[in-house]
file upload37.tsv (TSV, C-alpha atoms)
chain	number	residue	atom	x	y	z
A	1	MET	CA	-3.50	38.99	14.07
A	2	THR	CA	-3.82	41.03	10.89
A	3	ALA	CA	-3.51	39.04	7.69
A	4	PRO	CA	-0.88	40.11	5.14
A	5	GLU	CA	-2.02	42.73	2.67
A	6	GLY	CA	-2.24	41.97	-1.01
A	7	ARG	CA	0.14	43.43	-3.53
A	8	GLY	CA	-0.06	47.04	-4.54
A	9	ILE	CA	1.97	50.21	-4.69
A	10	ALA	CA	4.21	50.30	-1.64
A	11	GLU	CA	3.99	53.24	0.71
A	12	HIS	CA	7.24	54.99	1.63
A	13	ARG	CA	8.55	54.20	5.11
A	14	GLU	CA	8.94	57.90	5.98
A	15	LYS	CA	5.20	58.50	5.93
A	16	LYS	CA	3.41	58.79	9.25
A	17	PRO	CA	3.84	55.47	11.13
A	18	GLU	CA	0.77	53.32	11.49
A	19	ALA	CA	-0.13	51.32	14.57
A	20	THR	CA	1.23	48.14	12.99
A	21	PHE	CA	4.49	46.22	13.03
A	22	ARG	CA	5.29	44.03	10.05
A	23	ILE	CA	7.54	40.97	10.35
A	24	LEU	CA	8.85	39.48	7.11
A	25	HIS	CA	10.41	36.00	7.03
A	26	VAL	CA	12.67	35.28	4.04
A	27	SER	CA	14.10	32.06	2.62
A	28	THR	CA	14.83	30.89	-0.93
A	29	GLY	CA	11.73	29.34	-2.47
A	30	ASN	CA	9.18	30.44	0.15
A	31	VAL	CA	7.81	26.92	0.27
A	32	CYS	CA	9.72	25.35	3.21
A	33	ARG	CA	11.60	27.40	5.83
A	34	SER	CA	9.90	30.79	5.63
A	35	PRO	CA	6.34	29.37	5.54
A	36	ILE	CA	7.15	27.28	8.62
A	37	THR	CA	8.61	30.32	10.37
A	38	GLU	CA	5.74	32.60	9.36
A	39	ARG	CA	2.99	30.28	10.54
A	40	LEU	CA	4.80	29.26	13.74
A	41	THR	CA	5.28	32.95	14.58
A	42	ARG	CA	1.59	33.68	14.05
A	43	HIS	CA	0.60	30.64	16.09
A	44	ALA	CA	2.89	31.53	19.01
A	45	LEU	CA	1.84	35.19	19.11
A	46	THR	CA	-1.85	34.35	19.12
A	47	HIS	CA	-1.38	31.57	21.66
A	48	ARG	CA	0.30	33.94	24.12
A	49	LEU	CA	-1.66	37.15	23.59
A	50	GLY	CA	-4.90	36.20	21.89
A	51	THR	CA	-6.25	37.53	18.61
A	52	VAL	CA	-7.21	41.03	19.79
A	53	ARG	CA	-3.87	41.99	21.35
A	54	THR	CA	-1.86	40.79	18.33
A	55	ARG	CA	-3.98	42.73	15.86
A	56	GLY	CA	-1.21	45.25	15.12
A	57	LEU	CA	1.35	42.54	14.26
A	58	ILE	CA	1.49	41.48	10.62
A	59	VAL	CA	3.51	38.34	9.89
A	60	GLU	CA	4.30	37.30	6.32
A	61	SER	CA	7.02	35.71	4.19
A	62	ALA	CA	8.65	35.70	0.76
A	63	GLY	CA	11.52	34.03	-1.09
A	64	THR	CA	14.57	35.41	-2.84
A	65	TRP	CA	13.76	32.91	-5.59
A	66	GLY	CA	10.16	32.58	-4.51
A	67	HIS	CA	7.88	30.05	-6.16
A	68	GLU	CA	5.13	32.56	-6.90
A	69	GLY	CA	1.67	31.16	-6.13
A	70	ALA	CA	2.99	27.74	-5.10
A	71	PRO	CA	1.67	25.92	-2.03
A	72	MET	CA	4.11	25.13	0.73
A	73	GLU	CA	5.83	21.77	0.61
A	74	ALA	CA	3.71	18.94	1.99
A	75	HIS	CA	6.30	18.07	4.65
A	76	ALA	CA	6.37	21.72	5.76
A	77	ALA	CA	2.61	21.62	6.20
A	78	THR	CA	2.94	18.42	8.24
A	79	VAL	CA	5.51	20.06	10.52
A	80	LEU	CA	3.15	22.99	11.14
A	81	THR	CA	0.32	20.62	11.95
A	82	ASP	CA	2.60	18.82	14.42
A	83	PHE	CA	2.99	22.14	16.29
A	84	GLY	CA	-0.72	22.91	16.17
A	85	ALA	CA	-0.20	25.73	13.64
A	86	ASP	CA	-2.36	26.24	10.55
A	87	PRO	CA	-0.78	25.66	7.11
A	88	ALA	CA	-4.02	26.36	5.18
A	89	GLY	CA	-4.21	28.88	2.39
A	90	PHE	CA	-0.50	29.55	2.01
A	91	LEU	CA	0.84	30.69	-1.38
A	92	GLY	CA	4.51	31.36	-2.12
A	93	ARG	CA	5.72	34.83	-3.06
A	94	GLU	CA	8.81	36.21	-4.75
A	95	LEU	CA	10.57	38.82	-2.61
A	96	LEU	CA	9.86	42.30	-3.98
A	97	ASP	CA	11.08	45.76	-3.08
A	98	GLU	CA	7.70	46.63	-1.61
A	99	HIS	CA	7.96	43.76	0.90
A	100	VAL	CA	11.28	45.08	2.20
A	101	ILE	CA	10.07	48.68	2.22
A	102	ARG	CA	7.04	47.83	4.35
A	103	ALA	CA	8.81	45.48	6.77
A	104	ASP	CA	9.72	46.67	10.27
A	105	LEU	CA	11.71	43.49	10.92
A	106	VAL	CA	13.13	41.06	8.36
A	107	LEU	CA	14.23	37.63	9.62
A	108	THR	CA	16.06	35.43	7.13
A	109	ALA	CA	16.96	31.76	7.10
A	110	THR	CA	20.63	32.32	6.23
A	111	ARG	CA	23.32	34.98	6.01
A	112	ASP	CA	23.10	34.88	2.21
A	113	HIS	CA	19.40	35.74	2.39
A	114	ARG	CA	20.21	38.57	4.79
A	115	ALA	CA	22.81	39.93	2.38
A	116	GLN	CA	20.35	39.76	-0.52
A	117	VAL	CA	17.71	41.68	1.43
A	118	ILE	CA	20.20	44.36	2.49
A	119	SER	CA	21.50	44.66	-1.09
A	120	MET	CA	18.00	45.71	-2.17
A	121	GLY	CA	18.50	48.95	-0.26
A	122	HIS	CA	15.57	50.71	1.40
A	123	SER	CA	17.63	51.23	4.60
A	124	ALA	CA	17.09	47.56	5.39
A	125	GLY	CA	20.39	46.93	7.18
A	126	LEU	CA	19.32	47.94	10.69
A	127	ARG	CA	16.13	45.86	10.59
A	128	THR	CA	17.35	42.72	8.82
A	129	PHE	CA	18.81	39.76	10.72
A	130	THR	CA	19.02	36.03	10.32
A	131	LEU	CA	16.49	34.37	12.60
A	132	LYS	CA	19.19	32.81	14.79
A	133	GLU	CA	21.19	36.04	14.91
A	134	PHE	CA	18.13	37.91	16.14
A	135	THR	CA	17.50	35.20	18.73
A	136	ARG	CA	21.05	35.55	20.06
A	137	LEU	CA	20.73	39.34	20.31
A	138	VAL	CA	17.28	39.21	21.90
A	139	ARG	CA	18.55	36.91	24.65
A	140	ALA	CA	21.01	39.65	25.68
A	141	ILE	CA	18.36	42.40	25.96
A	142	ASP	CA	16.95	43.19	29.39
A	143	PRO	CA	13.16	43.03	28.93
A	144	ALA	CA	12.78	45.68	31.63
A	145	THR	CA	14.27	48.20	29.17
A	146	LEU	CA	11.44	47.61	26.67
A	147	PRO	CA	8.00	49.25	26.76
A	148	GLY	CA	5.47	47.05	28.52
A	149	PRO	CA	2.94	45.35	26.25
A	150	GLU	CA	0.16	46.97	28.29
A	151	GLU	CA	1.54	50.51	27.84
A	152	ALA	CA	0.41	52.94	25.14
A	153	GLY	CA	1.31	51.47	21.77
A	154	GLY	CA	1.25	47.93	23.19
A	155	VAL	CA	3.20	45.19	21.45
A	156	VAL	CA	3.81	47.38	18.39
A	157	GLU	CA	5.92	49.90	20.31
A	158	ARG	CA	7.59	47.08	22.21
A	159	ALA	CA	8.51	45.40	18.92
A	160	ARG	CA	9.99	48.60	17.51
A	161	ALA	CA	12.11	49.09	20.63
A	162	LEU	CA	13.26	45.47	20.47
A	163	VAL	CA	14.56	45.86	16.90
A	164	GLN	CA	16.43	49.04	17.82
A	165	ALA	CA	18.03	47.36	20.83
A	166	ALA	CA	19.04	44.31	18.78
A	167	ALA	CA	20.60	46.46	16.07
A	168	ALA	CA	22.65	48.30	18.69
A	169	LEU	CA	24.04	45.00	20.02
A	170	ARG	CA	24.88	43.40	16.69
A	171	GLY	CA	28.56	44.39	16.59
A	172	TRP	CA	29.13	43.18	20.15
A	173	LEU	CA	27.59	39.69	20.09
A	174	LEU	CA	29.09	37.75	17.21
A	175	ALA	CA	28.14	34.23	16.17
A	176	PRO	CA	30.38	31.56	17.77
A	177	THR	CA	30.74	29.76	14.40
A	178	GLU	CA	29.95	30.54	10.76
A	179	ASP	CA	27.16	27.97	10.80
A	180	ALA	CA	25.51	29.22	14.00
A	181	ASP	CA	23.22	31.70	12.24
A	182	GLU	CA	22.05	29.33	9.48
A	183	VAL	CA	18.81	27.38	9.10
A	184	HIS	CA	19.54	24.79	6.43
A	185	ASP	CA	17.20	24.09	3.54
A	186	PRO	CA	15.13	20.90	3.92
A	187	TYR	CA	13.77	21.06	0.35
A	188	GLY	CA	13.63	17.54	-1.09
A	189	ALA	CA	14.60	15.94	2.23
A	190	PRO	CA	12.56	13.31	4.12
A	191	ILE	CA	10.02	14.29	6.77
A	192	THR	CA	12.49	13.49	9.56
A	193	PHE	CA	14.78	16.29	8.39
A	194	PHE	CA	11.84	18.67	7.99
A	195	ARG	CA	10.85	17.92	11.58
A	196	SER	CA	14.38	18.64	12.81
A	197	ILE	CA	14.33	21.97	10.96
A	198	GLY	CA	10.90	22.70	12.40
A	199	ASP	CA	12.22	22.06	15.92
A	200	GLU	CA	15.22	24.28	15.19
A	201	ILE	CA	12.99	27.13	13.98
A	202	ASN	CA	10.58	26.74	16.87
A	203	GLN	CA	13.40	26.89	19.43
A	204	ALA	CA	14.83	30.01	17.78
A	205	LEU	CA	11.42	31.68	17.72
A	206	ASP	CA	10.58	31.05	21.38
A	207	PRO	CA	12.78	33.79	22.92
A	208	VAL	CA	11.85	36.17	20.11
A	209	VAL	CA	8.12	35.77	20.74
A	210	THR	CA	8.71	36.05	24.50
A	211	ALA	CA	10.59	39.32	23.98
A	212	LEU	CA	7.93	40.66	21.62
A	213	THR	CA	4.99	39.85	23.87
A	214	GLY	CA	6.45	39.92	27.36
A	215	VAL	CA	4.76	36.56	27.89
A	216	PRO	CA	6.90	33.41	28.31
A	217	ALA	CA	5.95	30.18	26.62
A	218	PRO	CA	3.53	28.03	28.62
A	219	ALA	CA	5.24	25.35	30.67

call {"tool": "encode", "arguments": {"input": "upload37.tsv", "output": "structure tokens"}}
result
Amino acid sequence: MTAPEGRGIAEHREKKPEATFRILHVSTGNVCRSPITERLTRHALTHRLGTVRTRGLIVESAGTWGHEGAPMEAHAATVLTDFGADPAGFLGRELLDEHVIRADLVLTATRDHRAQVISMGHSAGLRTFTLKEFTRLVRAIDPATLPGPEEAGGVVERARALVQAAAALRGWLLAPTEDADEVHDPYGAPITFFRSIGDEINQALDPVVTALTGVPAPA
């Protein structure tokens, strides 16, 4: 899987599309929830498709009040290790316009984060969801309507079609409760709470990764 690019002048989204699909995970400090989600996503994609077939997928994260250059919280790193994912080398980032401009899919921890991303503009509304909202929508999409991962364009074209289908369903499949689309912040909490949040994130990611890759999680 392609590593996130460094900072620089953002390219405009209307330029010729590249054979990549960029997923951006957003939380508050970018030291707990979004690092866990970023690294679990990378781990799951590689585990199901291998390194070569996930090369066009770029997974990264940032925080609306990001702790720029900070390592992830130690408990977050422990949670990732529990799942077999790699926490090494992570540095927190503050969410910038260029991150939103480049992203093909933005998945946030909470509705407030989603609102903050959309308020930045850049036509972000149709490609920004809370993680749990996107999970709910993805579950309602018939995978047979998506391009096969082996077809031309591979998982990149499949991912683009998935986002379009989810956006079309958003007004029809509402959250059962106000809290249903939230992943709560474990910052400062004991490891037991971090592990419960890690389980929550992992369960929400499973159907998303299955839809993206066309490959179900191993039994």

call {"tool": "residues_around", "arguments": {"input": "upload37.tsv", "residues": "A:Thr64", "least_positions_apart": "4", "cutoff": "12 Å", "atoms": "all atoms listed in the file", "output": "list in words"}}
result
His25, Val26, Ser27, Thr28, Gly29, Asn30, Val31, Ser34, Glu68, Gly92, Arg93, Glu94, Leu95, Leu96, Asp97, His99, Val100, Thr108, Ala109, Thr110, Asp112, His113, Arg114, Ala115, Gln116, Val117, Ile118, Ser119 and Met120 of chain A

call {"tool": "closest_atom_pairs", "arguments": {"input": "upload37.tsv", "of": "stretch 99-118 of chain A", "to": "stretch 160-175 of chain A", "cutoff": "10 Å", "atoms": "all atoms listed in the file", "output": "Markdown table"}}
result
| residue | atom | partner | partner_atom | distance |
| --- | --- | --- | --- | --- |
| A:Asp104 | CA | A:Arg160 | CA | 7.5 |
| A:Leu105 | CA | A:Val163 | CA | 7.0 |
| A:Val106 | CA | A:Val163 | CA | 9.9 |

call {"tool": "write_last_selection", "arguments": {"input": "upload37.tsv", "atoms": "C-alpha atoms", "output": "PDB file, in the coordinates of the input"}}
result
ATOM      1  CA  ASP A 104       9.720  46.670  10.270  1.00  0.00           C
ATOM      2  CA  LEU A 105      11.710  43.490  10.920  1.00  0.00           C
ATOM      3  CA  VAL A 106      13.130  41.060   8.360  1.00  0.00           C
TER       4      VAL A 106
END

call {"tool": "closest_residue", "arguments": {"input": "upload37.tsv", "among": "A:Ile191, A:Ile23, A:Ala77, A:Gly214", "to": "A:Glu151", "atoms": "all atoms listed in the file"}}
result
A:Gly214

call {"tool": "atom_distance", "arguments": {"input": "upload37.tsv", "atom1": "atom CA of A:Glu98", "atom2": "atom CA of A:Ile36"}}
result
21.9 Å

call {"tool": "atom_distance", "arguments": {"input": "upload37.tsv", "atom1": "atom CA of A:Val183", "atom2": "atom CA of A:Thr130"}}
result
8.7 Å

call {"tool": "closest_residue", "arguments": {"input": "upload37.tsv", "among": "A:Leu146, A:Leu126, A:Leu40, A:Ile101", "to": "A:Gly198", "atoms": "all atoms listed in the file"}}
result
A:Leu40

call {"tool": "closest_residue", "arguments": {"input": "upload37.tsv", "among": "A:Arg48, A:Asp82, A:Leu91, A:Arg111", "to": "A:His184", "atoms": "only C-alpha atoms"}}
result
A:Arg111

call {"tool": "closest_residue", "arguments": {"input": "upload37.tsv", "among": "A:Ser61, A:Thr210, A:Thr135, A:Thr192", "to": "A:Thr78", "atoms": "all atoms listed in the file"}}
result
A:Thr192

call {"tool": "atom_distance", "arguments": {"input": "upload37.tsv", "atom1": "atom CA of A:Asp206", "atom2": "atom CA of A:Glu60"}}
result
17.5 Å

call {"tool": "residues_near_point", "arguments": {"input": "upload37.tsv", "point": "(10.5, 36.2, 19.8)", "cutoff": "9 Å", "atoms": "all atoms listed in the file", "output": "list in words"}}
result
Thr41, Ala44, Leu45, Phe134, Thr135, Val138, Ala204, Leu205, Asp206, Pro207, Val208, Val209, Thr210, Ala211, Leu212 and Thr213 of chain A

call {"tool": "closest_residue", "arguments": {"input": "upload37.tsv", "among": "A:Ala103, A:Ala85, A:Ala159, A:Ala180", "to": "A:Ser123", "atoms": "all atoms listed in the file"}}
result
A:Ala103

call {"tool": "closest_residue", "arguments": {"input": "upload37.tsv", "among": "A:Arg127, A:His47, A:Asp181, A:Arg53", "to": "A:Gly84", "atoms": "only C-alpha atoms"}}
result
A:His47
